file target_25.txt (compact mmCIF, N, CA and C atoms)
# COMPACT_ATOMS: atom_id res chain seq x y z
N MET A 405 103.97 65.82 109.19
CA MET A 405 104.00 66.99 108.37
C MET A 405 102.68 67.74 108.55
N SER A 406 102.79 69.02 108.89
CA SER A 406 101.58 69.81 109.06
C SER A 406 101.38 70.72 107.85
N ILE A 407 100.15 70.95 107.53
CA ILE A 407 99.81 71.79 106.39
C ILE A 407 99.27 73.11 106.92
N ASP A 408 99.83 74.18 106.45
CA ASP A 408 99.38 75.52 106.82
C ASP A 408 98.25 75.90 105.86
N ILE A 409 97.02 75.70 106.31
CA ILE A 409 95.84 75.91 105.47
C ILE A 409 95.75 77.37 105.02
N GLU A 410 96.03 78.28 105.89
CA GLU A 410 95.94 79.70 105.53
C GLU A 410 96.93 80.04 104.42
N ARG A 411 98.13 79.53 104.53
CA ARG A 411 99.15 79.79 103.49
C ARG A 411 98.73 79.14 102.17
N LEU A 412 98.20 77.94 102.26
CA LEU A 412 97.74 77.23 101.07
C LEU A 412 96.61 78.01 100.38
N GLU A 413 95.67 78.54 101.17
CA GLU A 413 94.59 79.35 100.61
C GLU A 413 95.14 80.61 99.94
N ASP A 414 96.13 81.24 100.55
CA ASP A 414 96.76 82.42 99.95
C ASP A 414 97.42 82.08 98.63
N ASP A 415 98.12 80.95 98.59
CA ASP A 415 98.79 80.52 97.36
C ASP A 415 97.79 80.23 96.25
N VAL A 416 96.70 79.56 96.59
CA VAL A 416 95.66 79.26 95.61
C VAL A 416 95.03 80.55 95.10
N GLY A 417 94.77 81.49 95.99
CA GLY A 417 94.22 82.78 95.59
C GLY A 417 95.15 83.52 94.64
N GLN A 418 96.43 83.50 94.94
CA GLN A 418 97.42 84.15 94.07
C GLN A 418 97.46 83.48 92.70
N LEU A 419 97.41 82.16 92.68
CA LEU A 419 97.40 81.44 91.40
C LEU A 419 96.15 81.76 90.59
N ARG A 420 95.02 81.86 91.24
CA ARG A 420 93.78 82.22 90.54
C ARG A 420 93.90 83.60 89.90
N ARG A 421 94.46 84.57 90.65
CA ARG A 421 94.64 85.93 90.11
C ARG A 421 95.58 85.91 88.91
N GLU A 422 96.66 85.14 89.00
CA GLU A 422 97.62 85.07 87.89
C GLU A 422 97.00 84.41 86.65
N VAL A 423 96.20 83.37 86.86
CA VAL A 423 95.54 82.71 85.73
C VAL A 423 94.55 83.67 85.06
N LEU A 424 93.78 84.39 85.85
CA LEU A 424 92.84 85.36 85.31
C LEU A 424 93.59 86.46 84.54
N HIS A 425 94.67 86.91 85.10
CA HIS A 425 95.50 87.94 84.46
C HIS A 425 95.99 87.46 83.09
N MET A 426 96.49 86.24 83.04
CA MET A 426 96.99 85.68 81.78
C MET A 426 95.84 85.47 80.79
N LYS A 427 94.68 85.07 81.28
CA LYS A 427 93.53 84.87 80.41
C LYS A 427 93.08 86.20 79.81
N LEU A 428 92.99 87.23 80.63
CA LEU A 428 92.62 88.55 80.12
C LEU A 428 93.63 89.02 79.07
N GLY A 429 94.92 88.86 79.37
CA GLY A 429 95.96 89.25 78.42
C GLY A 429 95.89 88.46 77.13
N GLY A 430 95.63 87.16 77.24
CA GLY A 430 95.51 86.32 76.05
C GLY A 430 94.35 86.75 75.17
N ASN A 431 93.22 87.11 75.80
CA ASN A 431 92.07 87.60 75.04
C ASN A 431 92.40 88.90 74.32
N LEU A 432 93.08 89.80 75.01
CA LEU A 432 93.45 91.07 74.39
C LEU A 432 94.44 90.85 73.25
N ALA A 433 95.40 89.97 73.44
CA ALA A 433 96.37 89.66 72.38
C ALA A 433 95.66 89.10 71.14
N TYR A 434 94.69 88.24 71.35
CA TYR A 434 93.92 87.66 70.24
C TYR A 434 93.24 88.76 69.44
N TRP A 435 92.52 89.65 70.11
CA TRP A 435 91.79 90.70 69.41
C TRP A 435 92.72 91.71 68.76
N CYS A 436 93.84 91.97 69.39
CA CYS A 436 94.83 92.87 68.76
C CYS A 436 95.32 92.26 67.45
N GLY A 437 95.65 90.98 67.48
CA GLY A 437 96.10 90.29 66.28
C GLY A 437 95.06 90.36 65.17
N ARG A 438 93.80 90.25 65.52
CA ARG A 438 92.71 90.32 64.53
C ARG A 438 92.62 91.71 63.90
N HIS A 439 93.16 92.71 64.57
CA HIS A 439 93.08 94.09 64.07
C HIS A 439 94.44 94.63 63.65
N GLY A 440 95.38 93.73 63.38
CA GLY A 440 96.68 94.14 62.83
C GLY A 440 97.62 94.78 63.83
N LEU A 441 97.42 94.50 65.11
CA LEU A 441 98.27 95.06 66.16
C LEU A 441 99.08 93.96 66.83
N ASP A 442 100.24 94.31 67.34
CA ASP A 442 101.09 93.36 68.05
C ASP A 442 100.95 93.56 69.56
N PHE A 443 100.93 92.48 70.29
CA PHE A 443 100.81 92.48 71.75
C PHE A 443 102.08 91.87 72.33
N GLU A 444 102.70 92.57 73.25
CA GLU A 444 103.94 92.08 73.89
C GLU A 444 103.82 92.19 75.41
N TRP A 445 103.98 91.07 76.12
CA TRP A 445 104.05 91.13 77.58
C TRP A 445 105.33 91.85 77.96
N LEU A 446 105.27 92.67 78.99
CA LEU A 446 106.45 93.36 79.49
C LEU A 446 106.83 92.80 80.86
N PRO A 447 108.13 92.76 81.17
CA PRO A 447 108.50 92.37 82.53
C PRO A 447 108.05 93.45 83.52
N ARG A 448 107.52 93.04 84.66
CA ARG A 448 107.00 93.98 85.65
C ARG A 448 108.07 95.01 86.03
N GLU A 449 109.27 94.55 86.21
CA GLU A 449 110.39 95.47 86.47
C GLU A 449 111.24 95.53 85.21
N PRO A 450 111.53 96.65 84.70
CA PRO A 450 111.32 97.97 85.28
C PRO A 450 110.02 98.65 84.86
N PHE A 451 109.23 98.05 83.97
CA PHE A 451 108.17 98.78 83.27
C PHE A 451 106.95 99.15 84.10
N ARG A 452 106.61 98.40 85.13
CA ARG A 452 105.46 98.67 85.98
C ARG A 452 104.12 98.50 85.27
N ALA A 453 104.13 98.15 84.01
CA ALA A 453 102.90 97.89 83.25
C ALA A 453 102.97 96.46 82.74
N ASP A 454 101.84 95.94 82.28
CA ASP A 454 101.78 94.54 81.89
C ASP A 454 102.20 94.27 80.45
N ALA A 455 101.84 95.17 79.55
CA ALA A 455 102.07 94.88 78.13
C ALA A 455 102.16 96.18 77.34
N VAL A 456 102.62 96.01 76.10
CA VAL A 456 102.59 97.11 75.14
C VAL A 456 101.96 96.57 73.86
N ILE A 457 101.10 97.39 73.27
CA ILE A 457 100.46 97.06 72.00
C ILE A 457 100.98 98.06 70.98
N THR A 458 101.47 97.53 69.85
CA THR A 458 102.01 98.41 68.83
C THR A 458 101.37 98.12 67.48
N GLY A 459 101.34 99.16 66.66
CA GLY A 459 100.88 99.06 65.29
C GLY A 459 101.88 99.80 64.43
N LYS A 460 101.43 100.34 63.32
CA LYS A 460 102.33 101.11 62.46
C LYS A 460 102.80 102.37 63.16
N ARG A 461 101.90 103.01 63.93
CA ARG A 461 102.23 104.25 64.62
C ARG A 461 101.91 104.23 66.11
N VAL A 462 100.92 103.46 66.49
CA VAL A 462 100.49 103.47 67.88
C VAL A 462 101.43 102.68 68.77
N ILE A 463 101.65 103.22 69.96
CA ILE A 463 102.38 102.53 71.03
C ILE A 463 101.50 102.70 72.27
N ALA A 464 100.84 101.63 72.68
CA ALA A 464 99.90 101.69 73.80
C ALA A 464 100.41 100.84 74.96
N LEU A 465 100.60 101.49 76.09
CA LEU A 465 100.99 100.80 77.30
C LEU A 465 99.73 100.28 77.98
N VAL A 466 99.76 99.05 78.47
CA VAL A 466 98.56 98.40 79.00
C VAL A 466 98.79 97.91 80.42
N GLU A 467 97.83 98.21 81.28
CA GLU A 467 97.76 97.63 82.61
C GLU A 467 96.50 96.77 82.64
N ILE A 468 96.65 95.53 83.09
CA ILE A 468 95.53 94.59 83.18
C ILE A 468 95.22 94.40 84.66
N ALA A 469 93.95 94.60 85.02
CA ALA A 469 93.55 94.47 86.42
C ALA A 469 92.17 93.82 86.51
N THR A 470 91.94 93.14 87.60
CA THR A 470 90.65 92.50 87.78
C THR A 470 89.54 93.54 87.89
N THR A 471 89.71 94.51 88.80
CA THR A 471 88.68 95.53 89.00
C THR A 471 89.17 96.93 88.68
N GLY A 472 90.44 97.20 88.83
CA GLY A 472 91.01 98.51 88.55
C GLY A 472 90.78 99.49 89.70
N ASP A 473 91.79 100.32 89.93
CA ASP A 473 91.68 101.36 90.96
C ASP A 473 92.71 102.46 90.68
N GLU A 474 92.78 103.42 91.58
CA GLU A 474 93.67 104.57 91.41
C GLU A 474 95.13 104.13 91.29
N ALA A 475 95.51 103.09 91.99
CA ALA A 475 96.89 102.60 91.92
C ALA A 475 97.23 102.13 90.51
N ASP A 476 96.28 101.52 89.81
CA ASP A 476 96.52 101.09 88.44
C ASP A 476 96.72 102.28 87.51
N VAL A 477 95.98 103.35 87.74
CA VAL A 477 96.14 104.58 86.96
C VAL A 477 97.54 105.14 87.18
N GLU A 478 97.96 105.22 88.44
CA GLU A 478 99.30 105.73 88.75
C GLU A 478 100.38 104.85 88.13
N GLN A 479 100.18 103.53 88.16
CA GLN A 479 101.15 102.62 87.55
C GLN A 479 101.31 102.90 86.06
N LEU A 480 100.19 103.13 85.38
CA LEU A 480 100.25 103.43 83.95
C LEU A 480 101.00 104.72 83.68
N LEU A 481 100.71 105.74 84.46
CA LEU A 481 101.37 107.03 84.26
C LEU A 481 102.87 106.92 84.51
N GLU A 482 103.25 106.23 85.58
CA GLU A 482 104.67 106.00 85.86
C GLU A 482 105.28 105.10 84.80
N GLY A 483 104.54 104.08 84.39
CA GLY A 483 105.03 103.15 83.38
C GLY A 483 105.34 103.83 82.06
N ALA A 484 104.56 104.84 81.69
CA ALA A 484 104.80 105.57 80.44
C ALA A 484 106.16 106.26 80.48
N GLU A 485 106.48 106.87 81.61
CA GLU A 485 107.79 107.53 81.76
C GLU A 485 108.92 106.51 81.70
N ILE A 486 108.73 105.39 82.38
CA ILE A 486 109.74 104.34 82.40
C ILE A 486 109.93 103.75 81.00
N TYR A 487 108.83 103.49 80.31
CA TYR A 487 108.90 102.93 78.96
C TYR A 487 109.70 103.87 78.04
N GLU A 488 109.42 105.16 78.13
CA GLU A 488 110.16 106.12 77.30
C GLU A 488 111.66 106.10 77.63
N ARG A 489 111.97 106.04 78.91
CA ARG A 489 113.38 106.01 79.33
C ARG A 489 114.07 104.71 78.88
N GLU A 490 113.38 103.58 78.99
CA GLU A 490 113.97 102.29 78.67
C GLU A 490 114.03 102.00 77.17
N ARG A 491 112.99 102.41 76.44
CA ARG A 491 112.91 102.06 75.02
C ARG A 491 113.05 103.24 74.07
N GLY A 492 113.13 104.46 74.64
CA GLY A 492 113.34 105.64 73.81
C GLY A 492 112.11 106.09 73.02
N GLU A 493 110.93 105.60 73.37
CA GLU A 493 109.69 105.97 72.68
C GLU A 493 108.63 106.25 73.74
N ARG A 494 107.92 107.34 73.56
CA ARG A 494 106.84 107.67 74.49
C ARG A 494 105.54 107.02 74.00
N PRO A 495 104.87 106.25 74.84
CA PRO A 495 103.58 105.70 74.43
C PRO A 495 102.60 106.82 74.07
N ASN A 496 101.84 106.63 73.00
CA ASN A 496 100.85 107.63 72.62
C ASN A 496 99.44 107.21 73.01
N ALA A 497 99.34 106.12 73.78
CA ALA A 497 98.06 105.69 74.35
C ALA A 497 98.34 104.89 75.62
N LEU A 498 97.45 105.05 76.58
CA LEU A 498 97.51 104.27 77.81
C LEU A 498 96.17 103.55 77.95
N VAL A 499 96.23 102.28 78.33
CA VAL A 499 95.03 101.45 78.41
C VAL A 499 94.97 100.75 79.76
N LEU A 500 93.81 100.87 80.40
CA LEU A 500 93.53 100.09 81.60
C LEU A 500 92.43 99.10 81.23
N TYR A 501 92.80 97.84 81.13
CA TYR A 501 91.88 96.76 80.75
C TYR A 501 91.50 96.02 82.02
N ILE A 502 90.22 96.05 82.35
CA ILE A 502 89.76 95.42 83.58
C ILE A 502 88.75 94.31 83.27
N GLY A 503 88.58 93.42 84.20
CA GLY A 503 87.73 92.26 83.99
C GLY A 503 86.27 92.46 84.34
N VAL A 504 85.92 93.63 84.86
CA VAL A 504 84.54 93.91 85.26
C VAL A 504 84.13 95.27 84.72
N ARG A 505 82.86 95.60 84.87
CA ARG A 505 82.39 96.92 84.48
C ARG A 505 83.04 97.96 85.40
N PRO A 506 83.60 99.02 84.82
CA PRO A 506 84.31 100.01 85.66
C PRO A 506 83.36 100.86 86.49
N SER A 507 83.84 101.27 87.64
CA SER A 507 83.08 102.18 88.49
C SER A 507 83.11 103.57 87.86
N SER A 508 82.16 104.41 88.22
CA SER A 508 82.13 105.77 87.68
C SER A 508 83.34 106.56 88.16
N GLU A 509 83.81 106.29 89.38
CA GLU A 509 85.00 106.99 89.90
C GLU A 509 86.23 106.64 89.09
N LEU A 510 86.39 105.36 88.77
CA LEU A 510 87.54 104.94 87.97
C LEU A 510 87.44 105.51 86.56
N ALA A 511 86.25 105.51 86.00
CA ALA A 511 86.06 106.06 84.66
C ALA A 511 86.44 107.54 84.62
N GLU A 512 86.06 108.28 85.65
CA GLU A 512 86.39 109.72 85.72
C GLU A 512 87.90 109.92 85.85
N GLU A 513 88.53 109.13 86.70
CA GLU A 513 89.99 109.22 86.90
C GLU A 513 90.73 108.95 85.59
N CYS A 514 90.30 107.92 84.87
CA CYS A 514 90.95 107.58 83.60
C CYS A 514 90.71 108.69 82.57
N LYS A 515 89.51 109.21 82.54
CA LYS A 515 89.19 110.28 81.59
C LYS A 515 90.09 111.50 81.83
N GLU A 516 90.32 111.84 83.10
CA GLU A 516 91.17 112.99 83.45
C GLU A 516 92.59 112.83 82.89
N HIS A 517 93.05 111.60 82.81
CA HIS A 517 94.43 111.34 82.36
C HIS A 517 94.50 110.85 80.91
N GLY A 518 93.36 110.82 80.22
CA GLY A 518 93.35 110.37 78.83
C GLY A 518 93.60 108.88 78.66
N ILE A 519 93.27 108.11 79.68
CA ILE A 519 93.49 106.65 79.66
C ILE A 519 92.25 105.96 79.09
N ILE A 520 92.48 105.06 78.15
CA ILE A 520 91.40 104.22 77.62
C ILE A 520 91.07 103.18 78.68
N LEU A 521 89.83 103.17 79.13
CA LEU A 521 89.37 102.23 80.15
C LEU A 521 88.26 101.39 79.54
N ASP A 522 88.44 100.07 79.60
CA ASP A 522 87.40 99.20 79.05
C ASP A 522 87.54 97.81 79.63
N ASN A 523 86.43 97.07 79.58
CA ASN A 523 86.46 95.67 80.02
C ASN A 523 86.25 94.73 78.83
N SER A 524 86.33 95.27 77.61
CA SER A 524 86.18 94.46 76.41
C SER A 524 87.47 94.49 75.59
N PRO A 525 88.12 93.35 75.43
CA PRO A 525 89.34 93.33 74.63
C PRO A 525 89.07 93.69 73.17
N ARG A 526 87.91 93.32 72.69
CA ARG A 526 87.55 93.64 71.30
C ARG A 526 87.46 95.15 71.11
N ARG A 527 86.76 95.85 72.01
CA ARG A 527 86.63 97.31 71.90
C ARG A 527 87.98 98.00 72.04
N ILE A 528 88.83 97.50 72.92
CA ILE A 528 90.16 98.08 73.08
C ILE A 528 90.93 97.95 71.77
N ALA A 529 90.93 96.76 71.20
CA ALA A 529 91.67 96.53 69.94
C ALA A 529 91.12 97.44 68.83
N ILE A 530 89.82 97.58 68.75
CA ILE A 530 89.22 98.44 67.72
C ILE A 530 89.65 99.89 67.93
N LYS A 531 89.59 100.38 69.17
CA LYS A 531 90.00 101.76 69.47
C LYS A 531 91.46 101.99 69.10
N LEU A 532 92.32 101.04 69.43
CA LEU A 532 93.74 101.21 69.14
C LEU A 532 94.02 101.11 67.64
N ALA A 533 93.31 100.24 66.94
CA ALA A 533 93.47 100.14 65.48
C ALA A 533 93.02 101.44 64.82
N GLU A 534 91.93 102.02 65.31
CA GLU A 534 91.47 103.31 64.77
C GLU A 534 92.49 104.41 65.05
N LEU A 535 93.05 104.43 66.26
CA LEU A 535 94.07 105.42 66.60
C LEU A 535 95.31 105.23 65.72
N ASP A 536 95.70 103.99 65.49
CA ASP A 536 96.85 103.70 64.64
C ASP A 536 96.62 104.26 63.23
N LYS A 537 95.42 104.06 62.72
CA LYS A 537 95.08 104.57 61.39
C LYS A 537 95.10 106.10 61.36
N GLU A 538 94.53 106.73 62.39
CA GLU A 538 94.53 108.20 62.48
C GLU A 538 95.95 108.75 62.53
N LEU A 539 96.81 108.13 63.32
CA LEU A 539 98.20 108.57 63.43
C LEU A 539 98.93 108.42 62.10
N ALA A 540 98.66 107.31 61.40
CA ALA A 540 99.29 107.08 60.10
C ALA A 540 98.83 108.12 59.09
N GLU A 541 97.53 108.44 59.10
CA GLU A 541 96.99 109.43 58.17
C GLU A 541 97.47 110.84 58.47
N SER A 542 97.82 111.10 59.73
CA SER A 542 98.27 112.43 60.12
C SER A 542 99.72 112.68 59.70
N GLY A 543 100.38 111.62 59.25
CA GLY A 543 101.76 111.75 58.79
C GLY A 543 102.79 111.70 59.90
N ARG A 544 102.37 111.34 61.10
CA ARG A 544 103.34 111.22 62.19
C ARG A 544 104.29 110.07 61.91
N PRO A 545 105.55 110.22 62.30
CA PRO A 545 106.51 109.13 62.02
C PRO A 545 106.17 107.88 62.82
N SER A 546 106.52 106.73 62.24
CA SER A 546 106.31 105.46 62.92
C SER A 546 107.36 105.31 64.01
N PRO A 547 107.14 104.41 64.98
CA PRO A 547 108.12 104.19 66.04
C PRO A 547 109.50 103.81 65.50
N GLU A 548 109.55 103.15 64.35
CA GLU A 548 110.84 102.72 63.81
C GLU A 548 111.59 103.86 63.12
N GLU A 549 110.89 104.95 62.76
CA GLU A 549 111.53 106.04 62.01
C GLU A 549 112.25 106.99 62.92
call {"tool": "encode", "arguments": {"input": "target_25.txt", "output": "structure tokens"}}
result
Amino acid sequence: MSIDIERLEDDVGQLRREVLHMKLGGNLAYWCGRHGLDFEWLPREPFRADAVITGKRVIALVEIATTGDEADVEQLLEGAEIYERERGERPNALVLYIGVRPSSELAEECKEHGIILDNSPRRIAIKLAELDKELAESGRPSPEE
């Protein structure tokens, strides 16, 4: 029996990325729960995004990436349209949660599209909880209404 070392290395690399992805998502879910928000993993197909965070009024679509790039921004934008088509609700926030400090180029790209970009799950949860409160105070209907 021969072992394909290159394939084995690829498999290990893929597993490492998946473990990191789940760890980042778990951290974000924890902080969301601490701030009264719900975190739900989404199936990659059809949604193209990793998760949705909901509160009384906020619906935030989330993409989790190790470093983040333009493709992640495009995925979020496409994912918002898909989410609205599949669930009948348009997300009122988009979040790109990355595991490292963002580049200035990525920060500018996210700013142009109104995407919350951060590498801190705590700060993301706080921002979304504040947005949820603002939306509730503005009298906008909740997702269930």
call {"tool": "closest_residue", "arguments": {"input": "target_25.txt", "among": "A:Ile530, A:Ile457, A:Ile468, A:Ile463", "to": "His425 (chain A)", "atoms": "all atoms listed in the file"}}
result
A:Ile468
call {"tool": "atom_distance", "arguments": {"input": "target_25.txt", "atom1": "atom N of Trp445 (chain A)", "atom2": "atom C of Glu541 (chain A)"}}
result
27.3 Å
call {"tool": "residues_around", "arguments": {"input": "target_25.txt", "residues": "Ala464 (chain A)", "least_positions_apart": "3", "cutoff": "6 Å", "atoms": "all atoms listed in the file", "output": "ChimeraX atom specification"}}
result
/A:455-458,495-499
call {"tool": "write_last_selection", "arguments": {"input": "target_25.txt", "atoms": "N, CA and C atoms", "output": "tab-separated table (two decimals), in the coordinates of the input"}}
result
chain	number	residue	atom	x	y	z
A	455	ALA	N	101.84	95.17	79.55
A	455	ALA	CA	102.07	94.88	78.13
A	455	ALA	C	102.16	96.18	77.34
A	456	VAL	N	102.62	96.01	76.10
A	456	VAL	CA	102.59	97.11	75.14
A	456	VAL	C	101.96	96.57	73.86
A	457	ILE	N	101.10	97.39	73.27
A	457	ILE	CA	100.46	97.06	72.00
A	457	ILE	C	100.98	98.06	70.98
A	458	THR	N	101.47	97.53	69.85
A	458	THR	CA	102.01	98.41	68.83
A	458	THR	C	101.37	98.12	67.48
A	495	PRO	N	104.87	106.25	74.84
A	495	PRO	CA	103.58	105.70	74.43
A	495	PRO	C	102.60	106.82	74.07
A	496	ASN	N	101.84	106.63	73.00
A	496	ASN	CA	100.85	107.63	72.62
A	496	ASN	C	99.44	107.21	73.01
A	497	ALA	N	99.34	106.12	73.78
A	497	ALA	CA	98.06	105.69	74.35
A	497	ALA	C	98.34	104.89	75.62
A	498	LEU	N	97.45	105.05	76.58
A	498	LEU	CA	97.51	104.27	77.81
A	498	LEU	C	96.17	103.55	77.95
A	499	VAL	N	96.23	102.28	78.33
A	499	VAL	CA	95.03	101.45	78.41
A	499	VAL	C	94.97	100.75	79.76
call {"tool": "closest_residue", "arguments": {"input": "target_25.txt", "among": "A:Lys460, A:Glu422, A:Ala484, A:Asp415", "to": "Gly440 (chain A)", "atoms": "only N, CA and C atoms"}}
result
A:Lys460
call {"tool": "closest_residue", "arguments": {"input": "target_25.txt", "among": "A:Ala529, A:Cys514, A:Leu539, A:Ala453", "to": "Trp435 (chain A)", "atoms": "all atoms listed in the file"}}
result
A:Ala529
call {"tool": "atom_distance", "arguments": {"input": "target_25.txt", "atom1": "CA of Asp522 (chain A)", "atom2": "CA of Ser542 (chain A)"}}
result
25.5 Å
call {"tool": "select_by_dssp", "arguments": {"input": "target_25.txt", "residues": "chain A", "states": "strand (DSSP E or B)", "output": "PyMOL selection string"}}
result
chain A and resi 442-445+455-458+463-469+497-502+519-522
call {"tool": "select_by_dssp", "arguments": {"input": "target_25.txt", "residues": "region 433-512 of chain A", "states": "alpha helix (DSSP H)", "output": "MDAnalysis selection string"}}
result
chainID A and resid 433:438 448:451 474:491 508:512
call {"tool": "residues_around", "arguments": {"input": "target_25.txt", "residues": "Leu432 (chain A)", "least_positions_apart": "5", "cutoff": "8 Å", "atoms": "all atoms listed in the file", "output": "list in words"}}
result
Met426, Lys427, Gly437, Arg438, Asp442, Phe443, Ser524, Pro525, Arg526, Ile528 and Ala529 of chain A
call {"tool": "write_last_selection", "arguments": {"input": "target_25.txt", "atoms": "N, CA and C atoms", "output": "mmCIF file, in the coordinates of the input"}}
result
data_model
loop_
_atom_site.group_PDB
_atom_site.id
_atom_site.type_symbol
_atom_site.label_atom_id
_atom_site.label_comp_id
_atom_site.auth_asym_id
_atom_site.auth_seq_id
_atom_site.Cartn_x
_atom_site.Cartn_y
_atom_site.Cartn_z
ATOM 1 N N MET A 426 96.490 86.240 83.040
ATOM 2 C CA MET A 426 96.990 85.680 81.780
ATOM 3 C C MET A 426 95.840 85.470 80.790
ATOM 4 N N LYS A 427 94.680 85.070 81.280
ATOM 5 C CA LYS A 427 93.530 84.870 80.410
ATOM 6 C C LYS A 427 93.080 86.200 79.810
ATOM 7 N N GLY A 437 95.650 90.980 67.480
ATOM 8 C CA GLY A 437 96.100 90.290 66.280
ATOM 9 C C GLY A 437 95.060 90.360 65.170
ATOM 10 N N ARG A 438 93.800 90.250 65.520
ATOM 11 C CA ARG A 438 92.710 90.320 64.530
ATOM 12 C C ARG A 438 92.620 91.710 63.900
ATOM 13 N N ASP A 442 100.240 94.310 67.340
ATOM 14 C CA ASP A 442 101.090 93.360 68.050
ATOM 15 C C ASP A 442 100.950 93.560 69.560
ATOM 16 N N PHE A 443 100.930 92.480 70.290
ATOM 17 C CA PHE A 443 100.810 92.480 71.750
ATOM 18 C C PHE A 443 102.080 91.870 72.330
ATOM 19 N N SER A 524 86.330 95.270 77.610
ATOM 20 C CA SER A 524 86.180 94.460 76.410
ATOM 21 C C SER A 524 87.470 94.490 75.590
ATOM 22 N N PRO A 525 88.120 93.350 75.430
ATOM 23 C CA PRO A 525 89.340 93.330 74.630
ATOM 24 C C PRO A 525 89.070 93.690 73.170
ATOM 25 N N ARG A 526 87.910 93.320 72.690
ATOM 26 C CA ARG A 526 87.550 93.640 71.300
ATOM 27 C C ARG A 526 87.460 95.150 71.110
ATOM 28 N N ILE A 528 88.830 97.500 72.920
ATOM 29 C CA ILE A 528 90.160 98.080 73.080
ATOM 30 C C ILE A 528 90.930 97.950 71.770
ATOM 31 N N ALA A 529 90.930 96.760 71.200
ATOM 32 C CA ALA A 529 91.670 96.530 69.940
ATOM 33 C C ALA A 529 91.120 97.440 68.830
#
call {"tool": "axis_aligned_box", "arguments": {"input": "target_25.txt", "around": "region 493-512 of chain A", "padding_each_side": "6 Å", "output": "lines of an AutoDock Vina configuration file"}}
result
center_x = 96.5
center_y = 101.1
center_z = 81.3
size_x = 40.8
size_y = 29.7
size_z = 29.3
call {"tool": "atom_distance", "arguments": {"input": "target_25.txt", "atom1": "atom N of Leu424 (chain A)", "atom2": "CA of Cys436 (chain A)"}}
result
19.1 Å
call {"tool": "closest_atom_pairs", "arguments": {"input": "target_25.txt", "of": "region 476-504 of chain A", "to": "region 469-472 of chain A", "cutoff": "6.5 Å", "atoms": "all atoms listed in the file", "output": "JSON lines"}}
result
{"residue": "A:Asp476", "atom": "N", "partner": "A:Gly472", "partner_atom": "C", "distance": 5.9}
{"residue": "A:Leu500", "atom": "C", "partner": "A:Ala469", "partner_atom": "N", "distance": 6.1}
{"residue": "A:Tyr501", "atom": "C", "partner": "A:Ala469", "partner_atom": "N", "distance": 4.1}
{"residue": "A:Ile502", "atom": "CA", "partner": "A:Ala469", "partner_atom": "C", "distance": 4.1}
{"residue": "A:Gly503", "atom": "N", "partner": "A:Thr470", "partner_atom": "C", "distance": 3.8}
{"residue": "A:Val504", "atom": "N", "partner": "A:Thr470", "partner_atom": "C", "distance": 4.7}
call {"tool": "closest_residue", "arguments": {"input": "target_25.txt", "among": "A:Glu413, A:Glu488, A:Glu467, A:Asp408", "to": "Arg452 (chain A)", "atoms": "only N, CA and C atoms"}}
result
A:Glu467
call {"tool": "closest_residue", "arguments": {"input": "target_25.txt", "among": "A:Ala511, A:Ala540, A:Pro450, A:Ile519", "to": "Tyr487 (chain A)", "atoms": "only N, CA and C atoms"}}
result
A:Pro450
